[in-house]
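Just work24.txt here, compact mmCIF, C-alpha atoms:
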# COMPACT_ATOMS: atom_id res chain seq x y z
CA MET A 1 -11.84 -29.98 -18.95
CA ILE A 2 -12.13 -26.65 -20.76
CA SER A 3 -15.39 -25.87 -22.56
CA VAL A 4 -15.07 -23.53 -25.54
CA LEU A 5 -18.38 -21.95 -26.51
CA GLY A 6 -18.71 -21.16 -30.20
CA MET A 7 -17.12 -22.53 -33.34
CA GLY A 8 -16.29 -19.39 -35.26
CA VAL A 9 -12.67 -18.48 -35.90
CA ALA A 10 -12.11 -17.38 -32.28
CA GLY A 11 -13.47 -20.56 -30.75
CA LEU A 12 -11.65 -22.87 -33.14
CA CYS A 13 -8.33 -21.07 -32.65
CA VAL A 14 -8.65 -21.20 -28.87
CA ALA A 15 -9.59 -24.89 -28.90
CA THR A 16 -6.61 -25.61 -31.19
CA SER A 17 -4.09 -23.76 -29.02
CA LEU A 18 -5.38 -25.50 -25.88
CA ALA A 19 -5.49 -28.97 -27.40
CA GLU A 20 -1.98 -28.60 -28.81
CA ARG A 21 -0.78 -28.03 -25.24
CA GLY A 22 -2.31 -31.30 -24.14
CA LEU A 23 -5.29 -29.82 -22.30
CA GLN A 24 -8.69 -31.52 -22.36
CA VAL A 25 -11.03 -29.48 -24.52
CA GLU A 26 -14.60 -29.68 -25.75
CA VAL A 27 -16.35 -27.30 -28.16
CA ILE A 28 -19.98 -26.42 -27.43
CA THR A 29 -22.03 -25.57 -30.50
CA PRO A 30 -25.51 -24.15 -29.76
CA GLU A 31 -28.10 -26.23 -31.56
CA GLY A 32 -29.72 -24.51 -34.51
CA SER A 33 -27.33 -21.55 -34.40
CA PRO A 34 -26.55 -19.72 -37.68
CA ASP A 35 -23.13 -19.77 -39.28
CA PRO A 36 -20.69 -17.52 -37.40
CA ALA A 37 -19.73 -14.14 -38.83
CA SER A 38 -16.32 -15.56 -39.73
CA TRP A 39 -18.04 -17.83 -42.27
CA LEU A 40 -18.42 -14.70 -44.44
CA ALA A 41 -14.88 -13.39 -43.95
CA GLY A 42 -12.46 -12.59 -46.72
CA GLY A 43 -9.71 -14.69 -45.16
CA MET A 44 -7.08 -12.02 -45.75
CA LEU A 45 -3.99 -12.06 -43.56
CA ALA A 46 -3.04 -8.48 -44.27
CA PRO A 47 -1.65 -6.86 -41.12
CA PHE A 48 0.22 -4.11 -42.92
CA CYS A 49 -2.73 -3.06 -45.07
CA GLU A 50 -4.94 -3.04 -41.97
CA GLY A 51 -2.47 -0.61 -40.43
CA GLU A 52 -4.13 2.10 -42.52
CA SER A 53 -6.90 2.32 -39.92
CA ALA A 54 -6.20 -0.34 -37.29
CA PRO A 55 -4.25 0.29 -34.06
CA ASP A 56 -0.59 -0.75 -33.93
CA LEU A 57 -1.49 -3.63 -31.61
CA VAL A 58 -3.62 -5.24 -34.32
CA VAL A 59 -0.79 -4.89 -36.84
CA LYS A 60 1.64 -6.48 -34.39
CA MET A 61 -0.66 -9.38 -33.49
CA GLY A 62 -1.42 -10.04 -37.13
CA GLN A 63 2.17 -10.48 -38.26
CA SER A 64 2.34 -14.00 -36.81
CA ALA A 65 -0.98 -15.10 -38.32
CA GLY A 66 0.43 -16.34 -41.63
CA ASP A 67 2.82 -18.79 -39.97
CA TRP A 68 0.13 -19.97 -37.52
CA TRP A 69 -2.39 -20.73 -40.24
CA GLY A 70 0.21 -22.05 -42.64
CA ALA A 71 1.22 -24.72 -40.13
CA ARG A 72 -2.37 -25.94 -39.72
CA VAL A 73 -4.38 -25.50 -42.93
CA GLY A 74 -3.77 -26.18 -46.58
CA SER A 75 -5.44 -23.21 -48.23
CA LEU A 76 -2.94 -20.48 -47.34
CA VAL A 77 -1.66 -18.55 -50.38
CA ARG A 78 1.38 -16.34 -49.79
CA MET A 79 1.13 -14.04 -52.79
CA GLY A 80 0.94 -10.69 -51.03
CA THR A 81 -1.64 -7.95 -51.46
CA LEU A 82 -1.88 -5.53 -54.39
CA VAL A 83 -3.45 -2.15 -53.66
CA VAL A 84 -4.68 0.00 -56.55
CA ALA A 85 -6.86 3.06 -57.14
CA PRO A 86 -8.70 4.54 -60.14
CA SER A 87 -6.87 7.37 -61.89
CA ARG A 88 -9.24 9.94 -60.37
CA ASP A 89 -8.38 8.69 -56.88
CA VAL A 90 -4.60 8.29 -57.13
CA SER A 91 -4.20 10.56 -54.10
CA GLU A 92 -5.73 7.69 -52.09
CA LEU A 93 -2.69 5.59 -52.94
CA ASP A 94 -0.32 8.22 -51.58
CA ARG A 95 -2.40 8.51 -48.41
CA PHE A 96 -2.46 4.71 -48.01
CA ALA A 97 1.31 4.53 -48.49
CA ARG A 98 1.89 7.11 -45.76
CA ALA A 99 -0.38 5.25 -43.34
CA THR A 100 1.18 1.81 -43.84
CA GLU A 101 4.53 0.05 -44.00
CA ALA A 102 6.22 -2.99 -45.59
CA HIS A 103 5.19 -2.12 -49.15
CA GLU A 104 6.77 -1.14 -52.46
CA TRP A 105 5.54 0.79 -55.47
CA VAL A 106 4.85 -1.42 -58.48
CA ASN A 107 3.31 -1.50 -61.92
CA PRO A 108 0.19 -3.58 -61.17
CA ALA A 109 0.35 -5.35 -64.54
CA ASP A 110 3.77 -6.78 -63.64
CA LEU A 111 2.06 -8.76 -60.86
CA GLU A 112 -1.38 -9.26 -62.39
CA PRO A 113 -1.23 -9.21 -66.21
CA ASP A 114 -5.03 -9.08 -66.35
CA LEU A 115 -4.79 -5.52 -65.03
CA GLU A 116 -2.77 -4.33 -68.02
CA THR A 117 -3.69 -0.69 -68.85
CA ARG A 118 -6.16 -0.60 -65.91
CA PHE A 119 -3.91 1.07 -63.31
CA ALA A 120 -0.71 3.07 -63.69
CA ARG A 121 0.78 2.19 -60.32
CA GLY A 122 0.02 0.33 -57.13
CA LEU A 123 1.34 -0.72 -53.75
CA PHE A 124 2.51 -4.27 -53.17
CA PHE A 125 2.57 -5.79 -49.68
CA ALA A 126 4.69 -8.90 -50.31
CA LYS A 127 4.52 -10.32 -46.77
CA GLU A 128 0.74 -10.71 -46.75
CA ALA A 129 -1.38 -13.73 -47.60
CA HIS A 130 -4.93 -14.99 -48.01
CA MET A 131 -6.85 -18.24 -47.60
CA ASP A 132 -10.31 -19.71 -47.89
CA PRO A 133 -11.78 -19.10 -44.41
CA ARG A 134 -14.37 -21.87 -44.68
CA GLU A 135 -11.78 -24.44 -45.68
CA ALA A 136 -9.56 -23.18 -42.85
CA MET A 137 -12.29 -23.59 -40.24
CA ARG A 138 -13.22 -27.03 -41.56
CA SER A 139 -9.55 -28.01 -41.38
CA LEU A 140 -9.25 -26.86 -37.79
CA ARG A 141 -12.35 -28.82 -36.79
CA THR A 142 -11.11 -31.99 -38.51
CA ARG A 143 -7.74 -31.59 -36.84
CA LEU A 144 -9.33 -31.04 -33.43
CA GLU A 145 -11.57 -34.08 -33.77
CA ALA A 146 -8.51 -36.17 -34.69
CA MET A 147 -6.93 -34.94 -31.44
CA GLY A 148 -9.93 -36.17 -29.47
CA VAL A 149 -11.80 -32.89 -29.06
CA ARG A 150 -15.54 -33.46 -28.89
CA PHE A 151 -17.99 -31.09 -30.62
CA HIS A 152 -21.50 -31.20 -29.17
CA HIS A 153 -24.52 -29.09 -28.24
CA GLY A 154 -23.89 -29.05 -24.50
CA PRO A 155 -24.12 -28.73 -21.62
CA SER A 156 -20.58 -27.59 -20.85
CA THR A 157 -18.58 -29.60 -18.34
CA GLY A 158 -15.58 -27.45 -17.54
CA GLN A 159 -14.01 -24.00 -17.38
CA ILE A 160 -15.95 -21.89 -19.87
CA ILE A 161 -14.25 -19.83 -22.55
CA ASP A 162 -16.95 -17.88 -24.36
CA CYS A 163 -16.18 -17.11 -28.02
CA THR A 164 -19.76 -16.61 -29.19
CA GLY A 165 -19.45 -13.13 -30.71
CA MET A 166 -22.62 -11.08 -30.59
CA ALA A 167 -24.41 -13.82 -28.63
CA ALA A 168 -22.37 -12.67 -25.63
CA ALA A 169 -23.60 -9.07 -25.84
CA ALA A 170 -25.74 -9.37 -22.70
CA GLN A 171 -22.62 -10.16 -20.68
CA LEU A 172 -20.38 -7.71 -22.52
CA PRO A 173 -22.40 -4.47 -22.54
CA ASP A 174 -19.81 -2.51 -24.54
CA LEU A 175 -19.90 -5.01 -27.40
CA ARG A 176 -21.49 -3.58 -30.54
CA ALA A 177 -22.39 -4.98 -33.94
CA VAL A 178 -20.78 -3.79 -37.18
CA ARG A 179 -22.65 -5.11 -40.19
CA GLY A 180 -20.67 -6.50 -43.11
CA GLU A 181 -21.89 -7.61 -46.53
CA MET A 182 -20.15 -9.66 -49.22
CA LEU A 183 -20.61 -11.23 -52.64
CA ALA A 184 -19.21 -14.40 -54.15
CA LEU A 185 -18.69 -14.29 -57.91
CA TYR A 186 -17.81 -16.81 -60.58
CA ALA A 187 -15.80 -14.97 -63.23
CA PRO A 188 -13.79 -17.45 -65.33
CA ASP A 189 -12.65 -14.66 -67.66
CA VAL A 190 -10.80 -12.91 -64.82
CA GLN A 191 -7.38 -14.21 -63.84
CA LEU A 192 -6.18 -12.77 -60.52
CA THR A 193 -3.78 -14.65 -58.25
CA ARG A 194 -3.67 -12.47 -55.15
CA THR A 195 -5.90 -10.19 -53.10
CA VAL A 196 -6.53 -6.88 -54.86
CA ARG A 197 -7.69 -3.90 -52.81
CA LEU A 198 -9.32 -1.01 -54.60
CA LEU A 199 -9.08 2.31 -52.78
CA HIS A 200 -11.99 4.69 -53.03
CA PRO A 201 -12.96 7.61 -50.76
CA ARG A 202 -16.44 6.12 -50.15
CA PHE A 203 -16.52 2.54 -51.43
CA PRO A 204 -13.21 0.74 -50.88
CA CYS A 205 -13.37 -2.98 -51.52
CA TYR A 206 -11.22 -6.05 -51.81
CA ILE A 207 -11.33 -8.99 -54.20
CA VAL A 208 -9.99 -12.30 -52.95
CA PRO A 209 -9.37 -15.17 -55.39
CA ARG A 210 -10.79 -18.53 -54.30
CA GLY A 211 -9.46 -20.51 -57.27
CA ASP A 212 -10.99 -21.81 -60.50
CA GLY A 213 -12.57 -18.47 -61.38
CA HIS A 214 -14.26 -17.91 -58.03
CA TYR A 215 -13.84 -14.64 -56.12
CA MET A 216 -15.06 -13.14 -52.88
CA VAL A 217 -15.81 -9.41 -53.01
CA GLY A 218 -16.19 -7.50 -49.77
CA ALA A 219 -16.96 -5.95 -47.63
CA THR A 220 -19.13 -3.15 -46.41
CA MET A 221 -18.69 -1.68 -42.92
CA VAL A 222 -21.96 -0.39 -41.52
CA GLU A 223 -22.45 0.72 -37.93
CA SER A 224 -25.67 -1.20 -37.59
CA ALA A 225 -27.05 -4.18 -35.66
CA ARG A 226 -29.57 -4.93 -38.39
CA ASN A 227 -29.30 -8.50 -39.50
CA GLY A 228 -30.87 -9.94 -42.61
CA PRO A 229 -30.21 -10.14 -46.36
CA VAL A 230 -27.70 -8.02 -48.23
CA SER A 231 -28.96 -4.58 -49.18
CA ALA A 232 -29.39 -3.51 -52.80
CA ARG A 233 -26.99 -0.63 -52.16
CA ALA A 234 -24.27 -3.01 -50.99
CA VAL A 235 -24.70 -5.22 -54.05
CA MET A 236 -24.48 -2.24 -56.40
CA GLU A 237 -21.44 -0.78 -54.64
CA LEU A 238 -19.54 -4.05 -54.50
CA LEU A 239 -20.30 -4.92 -58.11
CA SER A 240 -19.36 -1.42 -59.22
CA THR A 241 -15.98 -1.58 -57.51
CA ALA A 242 -15.32 -5.08 -58.85
CA TYR A 243 -16.09 -3.79 -62.35
CA THR A 244 -13.63 -0.94 -61.78
CA VAL A 245 -10.89 -3.49 -61.07
CA HIS A 246 -11.74 -5.58 -64.13
CA PRO A 247 -14.63 -5.03 -66.60
CA ALA A 248 -15.06 -8.79 -67.09
CA PHE A 249 -16.65 -8.90 -63.64
CA ALA A 250 -19.74 -7.43 -65.35
CA GLU A 251 -20.30 -10.87 -66.89
CA ALA A 252 -19.71 -12.75 -63.63
CA GLU A 253 -22.28 -15.00 -62.02
CA VAL A 254 -23.30 -13.96 -58.50
CA THR A 255 -23.07 -17.30 -56.70
CA GLU A 256 -23.68 -16.06 -53.16
CA THR A 257 -24.52 -12.98 -51.15
CA GLY A 258 -24.11 -12.79 -47.41
CA SER A 259 -24.25 -10.46 -44.45
CA GLY A 260 -23.20 -10.80 -40.85
CA LEU A 261 -22.64 -8.85 -37.66
CA ARG A 262 -19.05 -8.42 -36.58
CA PRO A 263 -18.64 -8.26 -32.77
CA SER A 264 -16.67 -5.13 -31.90
CA PHE A 265 -15.50 -3.32 -28.79
CA PRO A 266 -15.33 0.51 -28.73
CA ASP A 267 -11.64 0.58 -29.69
CA ASN A 268 -12.08 -2.15 -32.36
CA ILE A 269 -9.35 -4.24 -30.69
CA PRO A 270 -10.10 -7.91 -29.92
CA ALA A 271 -9.64 -8.78 -26.27
CA ILE A 272 -9.63 -11.48 -23.60
CA ARG A 273 -11.76 -10.68 -20.56
CA PHE A 274 -12.13 -12.51 -17.27
CA LEU A 275 -15.61 -11.98 -15.82
CA GLY A 276 -16.66 -14.03 -12.82
CA ASP A 277 -16.04 -17.69 -13.55
CA LYS A 278 -16.04 -17.18 -17.33
CA ILE A 279 -13.37 -16.15 -19.80
CA PHE A 280 -14.43 -14.20 -22.88
CA MET A 281 -12.48 -13.85 -26.11
CA ASN A 282 -14.41 -11.47 -28.29
CA GLY A 283 -14.49 -8.23 -30.25
CA MET A 284 -12.87 -9.65 -33.38
CA TYR A 285 -14.27 -6.77 -35.49
CA ARG A 286 -12.86 -7.20 -39.02
CA HIS A 287 -9.66 -8.83 -37.77
CA GLY A 288 -10.78 -12.32 -36.72
CA PHE A 289 -8.50 -14.48 -38.86
CA LEU A 290 -5.69 -11.98 -38.40
CA THR A 291 -5.71 -11.69 -34.61
CA ALA A 292 -7.44 -14.82 -33.26
CA PRO A 293 -4.27 -16.97 -33.43
CA ALA A 294 -2.20 -14.54 -31.31
CA LEU A 295 -4.99 -14.10 -28.75
CA ALA A 296 -5.59 -17.84 -28.61
CA GLU A 297 -1.91 -18.55 -28.01
CA GLU A 298 -1.80 -15.89 -25.31
CA LEU A 299 -4.81 -17.36 -23.52
CA ALA A 300 -3.65 -20.96 -23.87
CA ALA A 301 -0.21 -20.12 -22.49
CA SER A 302 -1.79 -18.34 -19.52
CA LEU A 303 -4.14 -21.24 -18.72
CA THR A 304 -1.39 -23.83 -19.14
CA GLN A 305 0.80 -21.95 -16.67
CA GLU A 306 -2.12 -21.54 -14.27
CA ILE A 307 -2.92 -25.26 -14.37
CA ALA A 308 0.74 -26.18 -13.89
CA HIS A 309 0.97 -23.96 -10.81
CA ALA A 310 -2.27 -25.37 -9.42
CA GLY A 311 -0.90 -28.88 -9.83
Would you give me this structure, written as structure tokens?
Amino acid sequence: MISVLGMGVAGLCVATSLAERGLQVEVITPEGSPDPASWLAGGMLAPFCEGESAPDLVVKMGQSAGDWWGARVGSLVRMGTLVVAPSRDVSELDRFARATEAHEWVNPADLEPDLETRFARGLFFAKEAHMDPREAMRSLRTRLEAMGVRFHHGPSTGQIIDCTGMAAAAQLPDLRAVRGEMLALYAPDVQLTRTVRLLHPRFPCYIVPRGDGHYMVGATMVESARNGPVSARAVMELLSTAYTVHPAFAEAEVTETGSGLRPSFPDNIPAIRFLGDKIFMNGMYRHGFLTAPALAEELAASLTQEIAHAG
């Protein structure tokens, strides 16, 4: 038996990869625990865009994420990512183009007619995708339960794989928290079909369509371990950038605000660590949905081989 601690994106991906290999798995969910940080994620599978600031390893790991999720959940939308910038910040587009790959220059209105006259040019990353992260995690849990995986509050009964994010900080002393804040908006007058990233020297943001006029707007990156409600500054910044993308967002209903602490290692690269009799998969930073599948497959393959040799 393998006991996976945590049911955020890391834990669910690990449990899935193990169960698909025929291993006995249980998922331990601490009683009364809050929603994991991945509950507030954008759900963007954008490895090439992330290459602007992420290490090459993250870009490489993320390129298989779309196929992994697409084979297991129903909410994946393969429409690419459109990157734009206000006219005063067009130099940001050139900088972004130099720092990334797998894109082409486009007229944004050709892809998103609602942006007609808003932006003169943009970058299109056709190989990228997005999905509803909550639906994706619910789908993984349903699939795991159908495979016989038990979800319960403990105690664990087997080899422990700890995927508890910041809850593991006492055992992973170099783990730090990076605060992120998001908004959910209902804007039926806005018609966007793909993720739109707005570049800005201080307040970059992304807008992810959730369907039927619903959008997720995120996300701040604050080097802080302070938990709690969204700050007024974050709300103003996110709403301001959404308005810059489309003025109809000014009439949107704010249906949800949220904040969470992203678990991050010093290099911002997710990792698998073997410490004593425990295995840790942690440090997802802002790349959980992008990198968890590759890490989970790597760990599951290693454990499967280890068990086969032991047998």
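Closest approach to Val106 (chain A) among A:Ala129, A:Asp94, A:Met284, A:Leu82: A:Leu82, based on all atoms listed in the file.
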Listing only residues of region 31-54 of chain A within 12 Å of region 69-78 of chain A, what is the closest atom pair and its distance in Å (to one decimal) for each, using all atoms listed in the file, sorted by chain and residue number ascending, as JSON lines?
{"residue": "A:Gly43", "atom": "CA", "partner": "A:Leu76", "partner_atom": "CA", "distance": 9.2}
{"residue": "A:Met44", "atom": "CA", "partner": "A:Leu76", "partner_atom": "CA", "distance": 9.6}
{"residue": "A:Leu45", "atom": "CA", "partner": "A:Arg78", "partner_atom": "CA", "distance": 9.3}
{"residue": "A:Ala46", "atom": "CA", "partner": "A:Arg78", "partner_atom": "CA", "distance": 10.6}
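Closest approach to Val254 (chain A) from the set A:Arg226, A:Arg286, A:His214, A:Arg273 is made by A:His214, with distances taken over all atoms listed in the file.
In this model, the gap between CA of Leu192 (chain A) and CA of Tyr206 (chain A) comes to 12.1 Å.
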Q: List the neighbours of Pro201 (chain A) out to 12 Å using all atoms listed in the file; skip same-chain residues closer than 3 positions along the sequence, and give me the result as a list of chain:residue names.
A: A:Ala85, A:Pro86, A:Arg88, A:Asp89, A:Val90, A:Ser91, A:Glu92, A:Leu93, A:Arg95, A:Phe96, A:Leu198, A:Pro204, A:Cys205, A:Thr241
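The gap separating CA of Ala41 (chain A) from CA of Leu23 (chain A) is 28.8 Å, in Å to one decimal.
Among the candidates A:Ala136, A:Asp267, A:His152, A:Phe280, the residue lying nearest to Leu299 (chain A) is A:Phe280 (atoms considered: all atoms listed in the file).
You can rank A:Gly213, A:Pro47, A:Gly122, A:Pro266 by their closest distance to Glu253 (chain A) using all atoms listed in the file, and at the top of that list sits A:Gly213.
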Q: Might you pull out every residue within 10 Å of Leu140 (chain A), with only C-alpha atoms counted and same-chain residues fewer than 5 positions away left off, and present them as number ranges by chain?
A: A: 9, 12-13, 15-16, 69, 72-73, 134-135, 145-146
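Counting all atoms listed in the file, Ser264 (chain A) has the following residues at most 9 Å away, ignoring those fewer than 5 positions along the same chain: Gly165, Met166, Asp174, Leu175, Arg176, Ala177, Val178, Ile269, Pro270, Asn282, Gly283, Met284, Tyr285 and Arg286 of chain A.
Coordinates place CA of Val27 (chain A) at a distance of 7.3 Å from CA of Val149 (chain A).
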Since the input is missing atoms for region 231-242 of chain A, could you rebuild it with all heavy atoms and give the result as a short mmCIF file (atom, residue, chain, number, x, y, z; two decimals), keeping the file's coordinate frame?
data_model
loop_
_atom_site.label_atom_id
_atom_site.label_comp_id
_atom_site.auth_asym_id
_atom_site.auth_seq_id
_atom_site.Cartn_x
_atom_site.Cartn_y
_atom_site.Cartn_z
N SER A 231 -28.20 -5.69 -48.63
CA SER A 231 -28.96 -4.58 -49.18
C SER A 231 -28.65 -4.38 -50.66
O SER A 231 -27.57 -4.74 -51.15
CB SER A 231 -28.64 -3.28 -48.42
OG SER A 231 -27.30 -2.89 -48.67
N ALA A 232 -29.60 -3.81 -51.38
CA ALA A 232 -29.39 -3.51 -52.80
C ALA A 232 -28.23 -2.55 -52.98
O ALA A 232 -27.43 -2.68 -53.93
CB ALA A 232 -30.67 -2.92 -53.40
N ARG A 233 -28.11 -1.58 -52.07
CA ARG A 233 -26.99 -0.63 -52.16
C ARG A 233 -25.65 -1.35 -52.09
O ARG A 233 -24.74 -1.06 -52.88
CB ARG A 233 -27.10 0.41 -51.04
CG ARG A 233 -25.83 1.25 -50.92
CD ARG A 233 -25.90 2.26 -49.81
NE ARG A 233 -26.64 3.43 -50.23
CZ ARG A 233 -26.74 4.55 -49.50
NH1 ARG A 233 -26.17 4.62 -48.31
NH2 ARG A 233 -27.41 5.57 -49.96
N ALA A 234 -25.53 -2.29 -51.14
CA ALA A 234 -24.27 -3.01 -50.99
C ALA A 234 -23.94 -3.79 -52.26
O ALA A 234 -22.79 -3.80 -52.73
CB ALA A 234 -24.34 -3.95 -49.79
N VAL A 235 -24.94 -4.46 -52.83
CA VAL A 235 -24.70 -5.22 -54.05
C VAL A 235 -24.21 -4.31 -55.17
O VAL A 235 -23.24 -4.62 -55.88
CB VAL A 235 -25.99 -5.97 -54.48
CG1 VAL A 235 -25.81 -6.59 -55.86
CG2 VAL A 235 -26.36 -7.04 -53.46
N MET A 236 -24.87 -3.17 -55.33
CA MET A 236 -24.48 -2.24 -56.40
C MET A 236 -23.07 -1.70 -56.17
O MET A 236 -22.26 -1.61 -57.10
CB MET A 236 -25.49 -1.10 -56.49
CG MET A 236 -26.83 -1.53 -57.04
SD MET A 236 -27.97 -0.15 -57.37
CE MET A 236 -28.30 0.44 -55.71
N GLU A 237 -22.76 -1.33 -54.93
CA GLU A 237 -21.44 -0.78 -54.64
C GLU A 237 -20.34 -1.81 -54.86
O GLU A 237 -19.30 -1.52 -55.46
CB GLU A 237 -21.40 -0.25 -53.20
CG GLU A 237 -22.23 1.00 -52.99
CD GLU A 237 -22.25 1.43 -51.53
OE1 GLU A 237 -21.66 0.73 -50.69
OE2 GLU A 237 -22.87 2.48 -51.23
N LEU A 238 -20.56 -3.02 -54.37
CA LEU A 238 -19.54 -4.05 -54.50
C LEU A 238 -19.34 -4.45 -55.96
O LEU A 238 -18.21 -4.63 -56.42
CB LEU A 238 -19.90 -5.26 -53.64
CG LEU A 238 -19.86 -5.03 -52.13
CD1 LEU A 238 -20.42 -6.23 -51.38
CD2 LEU A 238 -18.43 -4.74 -51.65
N LEU A 239 -20.43 -4.59 -56.70
CA LEU A 239 -20.30 -4.92 -58.11
C LEU A 239 -19.63 -3.80 -58.90
O LEU A 239 -18.83 -4.04 -59.81
CB LEU A 239 -21.67 -5.23 -58.71
CG LEU A 239 -22.30 -6.56 -58.29
CD1 LEU A 239 -23.70 -6.69 -58.88
CD2 LEU A 239 -21.42 -7.74 -58.74
N SER A 240 -19.96 -2.56 -58.54
CA SER A 240 -19.36 -1.42 -59.22
C SER A 240 -17.85 -1.37 -59.01
O SER A 240 -17.09 -1.14 -59.96
CB SER A 240 -20.00 -0.13 -58.73
OG SER A 240 -19.35 1.01 -59.28
N THR A 241 -17.42 -1.62 -57.77
CA THR A 241 -15.98 -1.58 -57.51
C THR A 241 -15.27 -2.77 -58.14
O THR A 241 -14.15 -2.63 -58.62
CB THR A 241 -15.71 -1.53 -56.00
OG1 THR A 241 -16.45 -2.57 -55.34
CG2 THR A 241 -16.12 -0.19 -55.41
N ALA A 242 -15.92 -3.93 -58.17
CA ALA A 242 -15.32 -5.08 -58.85
C ALA A 242 -15.15 -4.78 -60.35
O ALA A 242 -14.12 -5.10 -60.95
CB ALA A 242 -16.18 -6.32 -58.65
#
